[in-house]
file upload-v9.cif (mmCIF, C-alpha atoms)
data_query
loop_
_atom_site.group_PDB
_atom_site.id
_atom_site.type_symbol
_atom_site.label_atom_id
_atom_site.label_comp_id
_atom_site.auth_asym_id
_atom_site.auth_seq_id
_atom_site.Cartn_x
_atom_site.Cartn_y
_atom_site.Cartn_z
ATOM 1 C CA MET A 34 80.858 134.647 96.022
ATOM 2 C CA ALA A 35 84.348 133.536 95.023
ATOM 3 C CA SER A 36 87.140 134.512 97.334
ATOM 4 C CA SER A 37 88.875 137.674 96.270
ATOM 5 C CA GLY A 38 92.621 137.990 96.564
ATOM 6 C CA GLU A 39 92.753 134.509 95.023
ATOM 7 C CA SER A 40 95.895 135.542 93.176
ATOM 8 C CA GLY A 41 97.734 135.997 96.452
ATOM 9 C CA GLY A 42 98.367 139.550 95.327
ATOM 10 C CA THR A 43 97.725 142.823 97.090
ATOM 11 C CA VAL A 44 95.463 142.689 100.081
ATOM 12 C CA SER A 45 92.448 144.961 99.994
ATOM 13 C CA PHE A 46 90.966 145.496 103.426
ATOM 14 C CA SER A 47 89.561 148.900 104.332
ATOM 15 C CA GLU A 48 90.098 150.799 107.555
ATOM 16 C CA GLU A 49 86.389 150.442 108.294
ATOM 17 C CA GLN A 50 86.595 146.674 107.854
ATOM 18 C CA GLU A 51 89.613 146.540 110.147
ATOM 19 C CA THR A 52 87.765 148.566 112.794
ATOM 20 C CA LEU A 53 84.813 146.159 112.708
ATOM 21 C CA VAL A 54 87.065 143.116 112.992
ATOM 22 C CA LEU A 55 89.117 144.594 115.857
ATOM 23 C CA LYS A 56 86.012 145.701 117.764
ATOM 24 C CA SER A 57 84.380 142.268 117.635
ATOM 25 C CA TRP A 58 87.601 140.318 118.132
ATOM 26 C CA ALA A 59 88.281 142.303 121.336
ATOM 27 C CA ILE A 60 84.985 140.958 122.696
ATOM 28 C CA MET A 61 85.477 137.356 121.546
ATOM 29 C CA LYS A 62 89.177 136.926 122.343
ATOM 30 C CA LYS A 63 88.815 136.092 126.035
ATOM 31 C CA ASP A 64 86.248 133.411 125.215
ATOM 32 C CA SER A 65 88.280 131.771 122.441
ATOM 33 C CA ALA A 66 88.237 128.242 123.887
ATOM 34 C CA ASN A 67 84.468 128.175 124.067
ATOM 35 C CA LEU A 68 83.900 129.982 120.756
ATOM 36 C CA GLY A 69 86.443 127.853 118.928
ATOM 37 C CA LEU A 70 84.572 124.752 120.008
ATOM 38 C CA ARG A 71 81.221 126.244 118.953
ATOM 39 C CA PHE A 72 82.792 127.124 115.603
ATOM 40 C CA PHE A 73 83.845 123.515 115.001
ATOM 41 C CA LEU A 74 80.599 122.035 116.316
ATOM 42 C CA LYS A 75 78.771 124.258 113.817
ATOM 43 C CA ILE A 76 80.999 122.951 110.995
ATOM 44 C CA PHE A 77 80.159 119.368 112.002
ATOM 45 C CA GLU A 78 76.460 120.182 112.404
ATOM 46 C CA VAL A 79 76.369 121.320 108.774
ATOM 47 C CA ALA A 80 78.794 118.709 107.420
ATOM 48 C CA PRO A 81 79.097 115.710 109.807
ATOM 49 C CA SER A 82 81.445 113.836 107.477
ATOM 50 C CA ALA A 83 84.069 116.587 107.896
ATOM 51 C CA SER A 84 84.773 115.227 111.384
ATOM 52 C CA GLN A 85 86.239 112.123 109.741
ATOM 53 C CA MET A 86 89.108 114.246 108.456
ATOM 54 C CA PHE A 87 90.505 114.509 111.983
ATOM 55 C CA SER A 88 92.393 111.477 113.300
ATOM 56 C CA PHE A 89 91.536 112.339 116.907
ATOM 57 C CA LEU A 90 87.820 112.301 116.042
ATOM 58 C CA ARG A 91 87.848 109.210 113.821
ATOM 59 C CA ASN A 92 89.059 106.965 116.608
ATOM 60 C CA SER A 93 87.177 108.477 119.490
ATOM 61 C CA ASP A 94 84.139 107.342 121.457
ATOM 62 C CA VAL A 95 83.933 110.602 123.367
ATOM 63 C CA PRO A 96 81.114 112.939 122.218
ATOM 64 C CA LEU A 97 82.494 115.709 119.997
ATOM 65 C CA GLU A 98 81.805 118.489 122.507
ATOM 66 C CA LYS A 99 83.763 116.652 125.220
ATOM 67 C CA ASN A 100 86.777 115.723 123.120
ATOM 68 C CA PRO A 101 89.748 117.554 124.699
ATOM 69 C CA LYS A 102 91.816 117.370 121.515
ATOM 70 C CA LEU A 103 89.036 118.923 119.488
ATOM 71 C CA LYS A 104 88.732 121.738 122.016
ATOM 72 C CA THR A 105 92.447 122.511 121.804
ATOM 73 C CA HIS A 106 92.550 122.248 118.040
ATOM 74 C CA ALA A 107 89.388 124.306 117.552
ATOM 75 C CA MET A 108 90.661 127.091 119.777
ATOM 76 C CA SER A 109 93.954 127.305 117.930
ATOM 77 C CA VAL A 110 92.224 127.440 114.524
ATOM 78 C CA PHE A 111 89.735 130.030 115.742
ATOM 79 C CA VAL A 112 92.450 132.252 117.226
ATOM 80 C CA MET A 113 94.618 131.864 114.140
ATOM 81 C CA THR A 114 91.713 132.815 111.862
ATOM 82 C CA CYS A 115 90.675 135.828 113.928
ATOM 83 C CA GLU A 116 94.211 137.100 114.440
ATOM 84 C CA ALA A 117 94.960 136.792 110.725
ATOM 85 C CA ALA A 118 91.887 139.001 110.190
ATOM 86 C CA ALA A 119 92.870 141.448 112.924
ATOM 87 C CA GLN A 120 96.373 141.886 111.473
ATOM 88 C CA LEU A 121 95.421 141.802 107.805
ATOM 89 C CA ARG A 122 95.427 145.538 107.139
ATOM 90 C CA LYS A 123 98.554 146.438 109.081
ATOM 91 C CA ALA A 124 100.532 143.450 107.834
ATOM 92 C CA GLY A 125 99.295 144.011 104.269
ATOM 93 C CA LYS A 126 99.103 140.226 103.869
ATOM 94 C CA VAL A 127 97.768 137.109 105.524
ATOM 95 C CA THR A 128 99.874 136.120 108.517
ATOM 96 C CA VAL A 129 99.334 133.021 110.643
ATOM 97 C CA ARG A 130 100.622 132.201 114.108
ATOM 98 C CA ASP A 131 101.824 128.870 115.505
ATOM 99 C CA THR A 132 102.280 127.515 111.948
ATOM 100 C CA THR A 133 103.097 128.568 108.390
ATOM 101 C CA LEU A 134 100.913 129.009 105.328
ATOM 102 C CA LYS A 135 103.079 126.396 103.618
ATOM 103 C CA LYS A 136 102.208 123.843 106.297
ATOM 104 C CA LEU A 137 98.517 124.778 106.188
ATOM 105 C CA GLY A 138 98.572 124.381 102.407
ATOM 106 C CA ALA A 139 100.206 120.965 102.611
ATOM 107 C CA THR A 140 97.774 119.689 105.276
ATOM 108 C CA HIS A 141 94.659 120.936 103.502
ATOM 109 C CA PHE A 142 95.908 119.442 100.261
ATOM 110 C CA LYS A 143 96.725 116.098 101.906
ATOM 111 C CA TYR A 144 93.195 115.753 103.314
ATOM 112 C CA GLY A 145 91.500 116.809 100.088
ATOM 113 C CA VAL A 146 89.789 119.917 101.462
ATOM 114 C CA GLY A 147 87.601 121.355 98.703
ATOM 115 C CA ASP A 148 85.363 124.318 97.880
ATOM 116 C CA ALA A 149 82.422 123.046 99.885
ATOM 117 C CA HIS A 150 84.537 122.550 103.025
ATOM 118 C CA PHE A 151 85.959 126.049 102.883
ATOM 119 C CA GLU A 152 82.445 127.384 102.349
ATOM 120 C CA VAL A 153 80.892 125.474 105.218
ATOM 121 C CA THR A 154 83.719 126.703 107.448
ATOM 122 C CA ARG A 155 83.084 130.291 106.335
ATOM 123 C CA PHE A 156 79.394 129.932 107.163
ATOM 124 C CA ALA A 157 80.213 128.387 110.555
ATOM 125 C CA LEU A 158 82.700 131.155 111.376
ATOM 126 C CA LEU A 159 80.210 133.917 110.526
ATOM 127 C CA GLU A 160 77.430 132.226 112.521
ATOM 128 C CA THR A 161 79.756 131.807 115.498
ATOM 129 C CA ILE A 162 80.728 135.484 115.422
ATOM 130 C CA LYS A 163 77.110 136.567 114.992
ATOM 131 C CA GLU A 164 76.117 134.632 118.106
ATOM 132 C CA ALA A 165 79.187 135.724 120.083
ATOM 133 C CA ILE A 166 78.864 139.489 119.847
ATOM 134 C CA PRO A 167 76.044 141.787 121.032
ATOM 135 C CA ALA A 168 73.103 141.730 118.610
ATOM 136 C CA ASP A 169 73.393 145.464 117.915
ATOM 137 C CA MET A 170 77.044 145.083 116.917
ATOM 138 C CA TRP A 171 76.187 142.572 114.179
ATOM 139 C CA SER A 172 75.555 144.090 110.729
ATOM 140 C CA LEU A 173 75.971 143.308 107.054
ATOM 141 C CA ALA A 174 79.175 145.362 107.108
ATOM 142 C CA MET A 175 80.460 143.280 110.034
ATOM 143 C CA LYS A 176 79.593 140.066 108.204
ATOM 144 C CA SER A 177 81.262 141.305 105.065
ATOM 145 C CA ALA A 178 84.444 142.397 106.893
ATOM 146 C CA TRP A 179 84.917 138.968 108.495
ATOM 147 C CA GLY A 180 83.889 137.233 105.273
ATOM 148 C CA GLU A 181 86.494 139.187 103.327
ATOM 149 C CA ALA A 182 89.246 138.472 105.858
ATOM 150 C CA TYR A 183 88.328 134.781 105.788
ATOM 151 C CA ASN A 184 88.365 134.753 101.973
ATOM 152 C CA GLN A 185 91.858 136.178 101.984
ATOM 153 C CA LEU A 186 93.066 133.554 104.455
ATOM 154 C CA VAL A 187 91.541 130.825 102.277
ATOM 155 C CA ALA A 188 93.099 132.331 99.143
ATOM 156 C CA ALA A 189 96.508 132.218 100.822
ATOM 157 C CA ILE A 190 95.990 128.590 101.894
ATOM 158 C CA ARG A 191 94.762 127.636 98.400
ATOM 159 C CA LEU A 192 97.827 129.160 96.829
ATOM 160 C CA GLU A 193 100.006 126.940 99.030
ATOM 161 C CA MET A 194 97.772 123.960 98.263
ATOM 162 C CA LYS A 195 98.507 124.448 94.571
ATOM 163 C CA LEU A 196 102.231 124.536 95.296
ATOM 164 C CA ALA A 197 101.887 121.346 97.395
ATOM 165 C CA ALA A 198 100.021 119.542 94.599
ATOM 166 C CA MET B 38 75.967 110.495 111.115
ATOM 167 C CA ALA B 39 76.040 108.431 107.958
ATOM 168 C CA SER B 40 72.756 107.943 106.204
ATOM 169 C CA SER B 41 71.014 104.775 107.229
ATOM 170 C CA GLY B 42 69.266 102.699 104.666
ATOM 171 C CA GLU B 43 72.385 103.156 102.539
ATOM 172 C CA SER B 44 71.971 99.620 101.278
ATOM 173 C CA GLY B 45 68.695 100.533 99.661
ATOM 174 C CA GLY B 46 67.156 97.770 101.753
ATOM 175 C CA THR B 47 64.152 97.832 104.068
ATOM 176 C CA VAL B 48 62.926 101.237 105.085
ATOM 177 C CA SER B 49 62.755 101.902 108.806
ATOM 178 C CA PHE B 50 60.499 104.827 109.633
ATOM 179 C CA SER B 51 58.347 104.708 112.749
ATOM 180 C CA GLU B 52 54.709 105.682 113.064
ATOM 181 C CA GLU B 53 55.738 108.504 115.381
ATOM 182 C CA GLN B 54 58.195 109.804 112.801
ATOM 183 C CA GLU B 55 55.528 109.650 110.126
ATOM 184 C CA THR B 56 53.089 111.578 112.342
ATOM 185 C CA LEU B 57 55.645 114.332 112.908
ATOM 186 C CA VAL B 58 56.409 114.610 109.202
ATOM 187 C CA LEU B 59 52.736 114.651 108.190
ATOM 188 C CA LYS B 60 51.836 117.236 110.820
ATOM 189 C CA SER B 61 54.551 119.671 109.752
ATOM 190 C CA TRP B 62 54.160 119.011 106.029
ATOM 191 C CA ALA B 63 50.440 119.865 106.287
ATOM 192 C CA ILE B 64 51.446 123.319 107.536
ATOM 193 C CA MET B 65 54.220 123.898 104.997
ATOM 194 C CA LYS B 66 52.556 122.490 101.879
ATOM 195 C CA LYS B 67 50.509 125.552 100.947
ATOM 196 C CA ASP B 68 53.629 127.722 101.163
ATOM 197 C CA SER B 69 55.864 125.437 99.097
ATOM 198 C CA ALA B 70 56.919 128.042 96.523
ATOM 199 C CA ASN B 71 58.203 130.387 99.176
ATOM 200 C CA LEU B 72 59.719 127.676 101.385
ATOM 201 C CA GLY B 73 61.378 125.947 98.446
ATOM 202 C CA LEU B 74 63.110 129.178 97.553
ATOM 203 C CA ARG B 75 64.207 129.736 101.153
ATOM 204 C CA PHE B 76 65.533 126.160 101.196
ATOM 205 C CA PHE B 77 67.701 126.789 98.137
ATOM 206 C CA LEU B 78 68.818 130.251 99.267
ATOM 207 C CA LYS B 79 69.981 128.633 102.519
ATOM 208 C CA ILE B 80 71.956 126.047 100.538
ATOM 209 C CA PHE B 81 73.652 128.838 98.588
ATOM 210 C CA GLU B 82 74.223 130.904 101.726
ATOM 211 C CA VAL B 83 76.208 128.010 103.208
ATOM 212 C CA ALA B 84 77.842 126.878 99.949
ATOM 213 C CA PRO B 85 77.776 129.666 97.314
ATOM 214 C CA SER B 86 79.701 127.586 94.783
ATOM 215 C CA ALA B 87 76.819 125.083 94.639
ATOM 216 C CA SER B 88 74.850 127.640 92.602
ATOM 217 C CA GLN B 89 77.337 127.093 89.783
ATOM 218 C CA MET B 90 75.961 123.583 89.336
ATOM 219 C CA PHE B 91 72.762 125.022 87.866
ATOM 220 C CA SER B 92 72.931 126.201 84.258
ATOM 221 C CA PHE B 93 70.131 128.712 84.793
ATOM 222 C CA LEU B 94 72.124 130.330 87.616
ATOM 223 C CA ARG B 95 75.541 130.232 85.950
ATOM 224 C CA ASN B 96 74.446 132.414 83.072
ATOM 225 C CA SER B 97 72.135 134.741 84.928
ATOM 226 C CA ASP B 98 72.516 138.352 86.028
ATOM 227 C CA VAL B 99 69.284 138.277 88.027
ATOM 228 C CA PRO B 100 69.741 138.076 91.821
ATOM 229 C CA LEU B 101 69.203 134.518 93.055
ATOM 230 C CA GLU B 102 66.007 135.333 94.937
ATOM 231 C CA LYS B 103 64.432 136.852 91.825
ATOM 232 C CA ASN B 104 65.390 134.116 89.400
ATOM 233 C CA PRO B 105 62.093 132.597 88.180
ATOM 234 C CA LYS B 106 63.742 129.336 87.115
ATOM 235 C CA LEU B 107 65.307 128.891 90.515
ATOM 236 C CA LYS B 108 61.931 129.472 92.166
ATOM 237 C CA THR B 109 60.260 126.804 90.024
ATOM 238 C CA HIS B 110 63.095 124.335 90.445
ATOM 239 C CA ALA B 111 63.385 124.920 94.188
ATOM 240 C CA MET B 112 59.662 124.401 94.722
ATOM 241 C CA SER B 113 59.675 121.144 92.816
ATOM 242 C CA VAL B 114 62.686 119.806 94.749
ATOM 243 C CA PHE B 115 61.184 120.890 98.066
ATOM 244 C CA VAL B 116 57.816 119.281 97.313
ATOM 245 C CA MET B 117 59.479 116.106 96.035
ATOM 246 C CA THR B 118 61.620 115.852 99.173
ATOM 247 C CA CYS B 119 58.728 116.467 101.550
ATOM 248 C CA GLU B 120 56.320 114.146 99.744
ATOM 249 C CA ALA B 121 58.910 111.367 99.663
ATOM 250 C CA ALA B 122 59.101 111.794 103.458
ATOM 251 C CA ALA B 123 55.330 111.927 103.888
ATOM 252 C CA GLN B 124 54.852 108.713 101.900
ATOM 253 C CA LEU B 125 57.897 106.865 103.179
ATOM 254 C CA ARG B 126 56.161 104.714 105.782
ATOM 255 C CA LYS B 127 53.086 103.793 103.763
ATOM 256 C CA ALA B 128 55.017 103.133 100.567
ATOM 257 C CA GLY B 129 57.708 101.230 102.473
ATOM 258 C CA LYS B 130 60.281 102.788 100.168
ATOM 259 C CA VAL B 131 61.444 106.102 98.765
ATOM 260 C CA THR B 132 59.100 107.353 96.041
ATOM 261 C CA VAL B 133 59.607 110.504 94.004
ATOM 262 C CA ARG B 134 57.131 112.447 91.912
ATOM 263 C CA ASP B 135 57.669 114.225 88.583
ATOM 264 C CA THR B 136 60.837 112.188 87.997
ATOM 265 C CA THR B 137 62.475 108.836 88.726
ATOM 266 C CA LEU B 138 65.211 107.862 91.144
ATOM 267 C CA LYS B 139 67.206 106.647 88.150
ATOM 268 C CA LYS B 140 67.102 110.119 86.612
ATOM 269 C CA LEU B 141 67.973 111.766 89.918
ATOM 270 C CA GLY B 142 70.911 109.393 90.298
ATOM 271 C CA ALA B 143 72.193 110.130 86.806
ATOM 272 C CA THR B 144 71.912 113.916 87.254
ATOM 273 C CA HIS B 145 73.579 113.981 90.655
ATOM 274 C CA PHE B 146 76.349 111.756 89.326
ATOM 275 C CA LYS B 147 76.855 113.912 86.230
ATOM 276 C CA TYR B 148 77.311 117.070 88.302
ATOM 277 C CA GLY B 149 79.640 115.430 90.807
ATOM 278 C CA VAL B 150 77.434 115.911 93.862
ATOM 279 C CA GLY B 151 79.366 114.689 96.903
ATOM 280 C CA ASP B 152 79.020 114.080 100.646
ATOM 281 C CA ALA B 153 79.414 117.725 101.573
ATOM 282 C CA HIS B 154 76.672 118.803 99.146
ATOM 283 C CA PHE B 155 74.182 116.283 100.484
ATOM 284 C CA GLU B 156 75.055 117.366 104.014
ATOM 285 C CA VAL B 157 74.683 121.074 103.335
ATOM 286 C CA THR B 158 71.316 120.353 101.711
ATOM 287 C CA ARG B 159 70.231 118.351 104.755
ATOM 288 C CA PHE B 160 71.196 121.213 107.032
ATOM 289 C CA ALA B 161 69.365 123.714 104.808
ATOM 290 C CA LEU B 162 66.235 121.551 104.707
ATOM 291 C CA LEU B 163 66.116 121.178 108.494
ATOM 292 C CA GLU B 164 66.700 124.911 109.024
ATOM 293 C CA THR B 165 63.952 125.730 106.524
ATOM 294 C CA ILE B 166 61.471 123.443 108.286
ATOM 295 C CA LYS B 167 62.467 124.768 111.705
ATOM 296 C CA GLU B 168 61.725 128.319 110.584
ATOM 297 C CA ALA B 169 58.542 127.347 108.726
ATOM 298 C CA ILE B 170 56.595 125.653 111.513
ATOM 299 C CA PRO B 171 55.417 127.052 114.874
ATOM 300 C CA ALA B 172 58.275 127.168 117.383
ATOM 301 C CA ASP B 173 56.470 124.826 119.791
ATOM 302 C CA MET B 174 56.074 122.202 117.056
ATOM 303 C CA TRP B 175 59.840 122.008 116.486
ATOM 304 C CA SER B 176 61.658 119.387 118.589
ATOM 305 C CA LEU B 177 64.618 117.043 118.425
ATOM 306 C CA ALA B 178 62.200 114.257 117.463
ATOM 307 C CA MET B 179 60.849 116.416 114.608
ATOM 308 C CA LYS B 180 64.389 117.172 113.441
ATOM 309 C CA SER B 181 65.302 113.523 113.610
ATOM 310 C CA ALA B 182 62.180 112.383 111.698
ATOM 311 C CA TRP B 183 62.883 114.746 108.798
ATOM 312 C CA GLY B 184 66.606 113.979 108.970
ATOM 313 C CA GLU B 185 65.914 110.255 108.719
ATOM 314 C CA ALA B 186 63.509 110.685 105.795
ATOM 315 C CA TYR B 187 66.065 112.861 104.033
ATOM 316 C CA ASN B 188 68.825 110.294 104.655
ATOM 317 C CA GLN B 189 66.697 107.609 103.064
ATOM 318 C CA LEU B 190 66.035 109.764 100.009
ATOM 319 C CA VAL B 191 69.767 110.434 99.698
ATOM 320 C CA ALA B 192 70.567 106.736 100.130
ATOM 321 C CA ALA B 193 68.179 105.932 97.268
ATOM 322 C CA ILE B 194 69.750 108.612 95.045
ATOM 323 C CA ARG B 195 73.269 107.437 95.925
ATOM 324 C CA LEU B 196 72.386 103.892 95.003
ATOM 325 C CA GLU B 197 71.313 105.113 91.552
ATOM 326 C CA MET B 198 74.449 107.271 91.327
ATOM 327 C CA LYS B 199 76.554 104.132 91.778
ATOM 328 C CA LEU B 200 74.614 102.414 89.002
ATOM 329 C CA ALA B 201 75.118 105.470 86.771
ATOM 330 C CA ALA B 202 78.875 105.505 87.407
#
call {"tool": "encode", "arguments": {"input": "upload-v9.cif", "output": "structure tokens"}}
result
Amino acid sequence: MASSGESGGTVSFSEEQETLVLKSWAIMKKDSANLGLRFFLKIFEVAPSASQMFSFLRNSDVPLEKNPKLKTHAMSVFVMTCEAAAQLRKAGKVTVRDTTLKKLGATHFKYGVGDAHFEVTRFALLETIKEAIPADMWSLAMKSAWGEAYNQLVAAIRLEMKLAA
Amino acid sequence: MASSGESGGTVSFSEEQETLVLKSWAIMKKDSANLGLRFFLKIFEVAPSASQMFSFLRNSDVPLEKNPKLKTHAMSVFVMTCEAAAQLRKAGKVTVRDTTLKKLGATHFKYGVGDAHFEVTRFALLETIKEAIPADMWSLAMKSAWGEAYNQLVAAIRLEMKLAA
């Protein structure tokens, strides 16, 4: 249940897990804009109040699914999350693109992101992937591989949140 | 998005909403033990850390779905939630059985239940109902009727939480 790798120590991600992540990411990658948006809409379906954490959603009259800033932001978060997973084994650690873990830690700390938010986001990510790939590619092992990669990303962000506190 | 009736004032629940709730509750009622458990397992699927709020889950080695105390507790919460919805229009206010709103407020305050928890529970309740009733009985109006009844229950609990603070 708790995220492993919480210590920020050695990354444990098997070759089989990497294969599952790479196989599904190859299918999703080209549809990242659409899937990123679905990912965020799922987060807000489960936890509507989370949308209030985003300045561009707080002051907007546009429906969520038509908000251009949300679409851009959602895609970048989705791609960052999936690429961190795809590179986890080879890099031997969590790596993020377009930003730094330090910045992610500071932002998540500033907005008071807590356990429940990280968990809802995990659920939304796994649901998005499940619906994005062919039904016969989805399995408990696939779910667990993405869940583990996500946990390690969250552990890395949490470590930076502690340093930002 | 925010729960209406937050003020604890007049209850607004239409006859059509009541009909939808009564119709679906009549189908679910006899299967409350099973549905209550599914409801709680869905909560914990989305937010695993929420299970740590329950003493009988914290100190248990039994898998969640086999925990007899969880099953009993989940059924009683599910029945209370659904009956509060079923009686909302006639009673003109939120009524709970087997306990009092004051007690519910104090308990939820004590355990630090927040926005995200109430939202995850709402999502889990609606998913449970969606899967419990015939597919052609589920509709946006059905979802909205149960969502509104749930919001009013939460508003009543929150009001008591403030008084307990």
call {"tool": "atom_distance", "arguments": {"input": "upload-v9.cif", "atom1": "atom CA of A:Arg155", "atom2": "atom CA of B:Ala87"}}
result
14.3 Å
call {"tool": "resolve_selection", "arguments": {"input": "upload-v9.cif", "expression": "the PyMOL selection byres ((chain B) within 10 of (chain A))", "output": "list of chain:residue names"}}
result
B:Met38, B:Ala39, B:Phe81, B:Glu82, B:Val83, B:Ala84, B:Pro85, B:Ser86, B:Ala87, B:Ser88, B:Gly151, B:Asp152, B:Ala153, B:His154, B:Phe155, B:Glu156, B:Val157, B:Thr158, B:Arg159, B:Phe160, B:Ala161
call {"tool": "resolve_selection", "arguments": {"input": "upload-v9.cif", "expression": "the PyMOL selection byres ((chain B and resi 62-75) around 12)", "output": "PyMOL selection string"}}
result
chain B and resi 55-61+76-82+101-124+158+161-171+174+179+182-183
call {"tool": "closest_residue", "arguments": {"input": "upload-v9.cif", "among": "A:Met194, A:Ala174, A:Ala124, A:Ala168", "to": "A:Thr140", "atoms": "only C-alpha atoms"}}
result
A:Met194
call {"tool": "residues_around", "arguments": {"input": "upload-v9.cif", "residues": "A:Gly145", "least_positions_apart": "6", "cutoff": "12 Å", "atoms": "only C-alpha atoms", "output": "PyMOL selection string"}}
result
chain A and resi 83+85-86+138-139+151+191+194-195+197-198
call {"tool": "closest_residue", "arguments": {"input": "upload-v9.cif", "among": "B:Thr137, B:Ser181, B:Ser97, B:Ser92", "to": "B:Ser51", "atoms": "only C-alpha atoms"}}
result
B:Ser181
call {"tool": "residues_near_point", "arguments": {"input": "upload-v9.cif", "point": "(101.3, 133.3, 104.7)", "cutoff": "9 Å", "atoms": "only C-alpha atoms", "output": "PyMOL selection string"}}
result
chain A and resi 126-129+133-135+186+189-190+193
call {"tool": "axis_aligned_box", "arguments": {"input": "upload-v9.cif", "around": "stretch 107-126 of chain B", "padding_each_side": "3 Å", "output": "lines of an AutoDock Vina configuration file"}}
result
center_x = 60.1
center_y = 117.1
center_z = 97.9
size_x = 16.5
size_y = 30.8
size_z = 21.8
call {"tool": "decode", "arguments": {"input": "upload-v9.cif", "residues": "stretch 73-85 of chain B", "atoms": "N, CA and C atoms", "output": "mmCIF file, in the first residue's frame"}}
result
data_model
loop_
_atom_site.group_PDB
_atom_site.id
_atom_site.type_symbol
_atom_site.label_atom_id
_atom_site.label_comp_id
_atom_site.auth_asym_id
_atom_site.auth_seq_id
_atom_site.Cartn_x
_atom_site.Cartn_y
_atom_site.Cartn_z
ATOM 1 N N GLY B 73 -22.007 -3.144 0.624
ATOM 2 C CA GLY B 73 -21.287 -2.320 1.582
ATOM 3 C C GLY B 73 -19.796 -2.617 1.534
ATOM 4 N N LEU B 74 -19.486 -3.909 1.456
ATOM 5 C CA LEU B 74 -18.079 -4.297 1.388
ATOM 6 C C LEU B 74 -17.442 -3.798 0.093
ATOM 7 N N ARG B 75 -18.166 -3.939 -1.014
ATOM 8 C CA ARG B 75 -17.624 -3.442 -2.292
ATOM 9 C C ARG B 75 -17.381 -1.938 -2.236
ATOM 10 N N PHE B 76 -18.306 -1.230 -1.597
ATOM 11 C CA PHE B 76 -18.211 0.222 -1.408
ATOM 12 C C PHE B 76 -16.900 0.560 -0.690
ATOM 13 N N PHE B 77 -16.641 -0.117 0.417
ATOM 14 C CA PHE B 77 -15.424 0.179 1.178
ATOM 15 C C PHE B 77 -14.160 -0.289 0.446
ATOM 16 N N LEU B 78 -14.236 -1.420 -0.235
ATOM 17 C CA LEU B 78 -13.050 -1.884 -0.971
ATOM 18 C C LEU B 78 -12.717 -0.895 -2.092
ATOM 19 N N LYS B 79 -13.735 -0.277 -2.665
ATOM 20 C CA LYS B 79 -13.507 0.739 -3.702
ATOM 21 C C LYS B 79 -12.843 1.977 -3.092
ATOM 22 N N ILE B 80 -13.302 2.367 -1.905
ATOM 23 C CA ILE B 80 -12.646 3.493 -1.214
ATOM 24 C C ILE B 80 -11.158 3.199 -1.033
ATOM 25 N N PHE B 81 -10.861 1.985 -0.560
ATOM 26 C CA PHE B 81 -9.459 1.642 -0.270
ATOM 27 C C PHE B 81 -8.657 1.395 -1.546
ATOM 28 N N GLU B 82 -9.347 1.025 -2.623
ATOM 29 C CA GLU B 82 -8.636 0.877 -3.900
ATOM 30 C C GLU B 82 -8.145 2.254 -4.350
ATOM 31 N N VAL B 83 -9.000 3.259 -4.210
ATOM 32 C CA VAL B 83 -8.634 4.614 -4.634
ATOM 33 C C VAL B 83 -7.664 5.246 -3.636
ATOM 34 N N ALA B 84 -7.920 5.068 -2.354
ATOM 35 C CA ALA B 84 -7.104 5.717 -1.316
ATOM 36 C C ALA B 84 -6.703 4.701 -0.237
ATOM 37 N N PRO B 85 -5.683 3.881 -0.528
ATOM 38 C CA PRO B 85 -5.279 2.817 0.412
ATOM 39 C C PRO B 85 -5.015 3.333 1.826
#
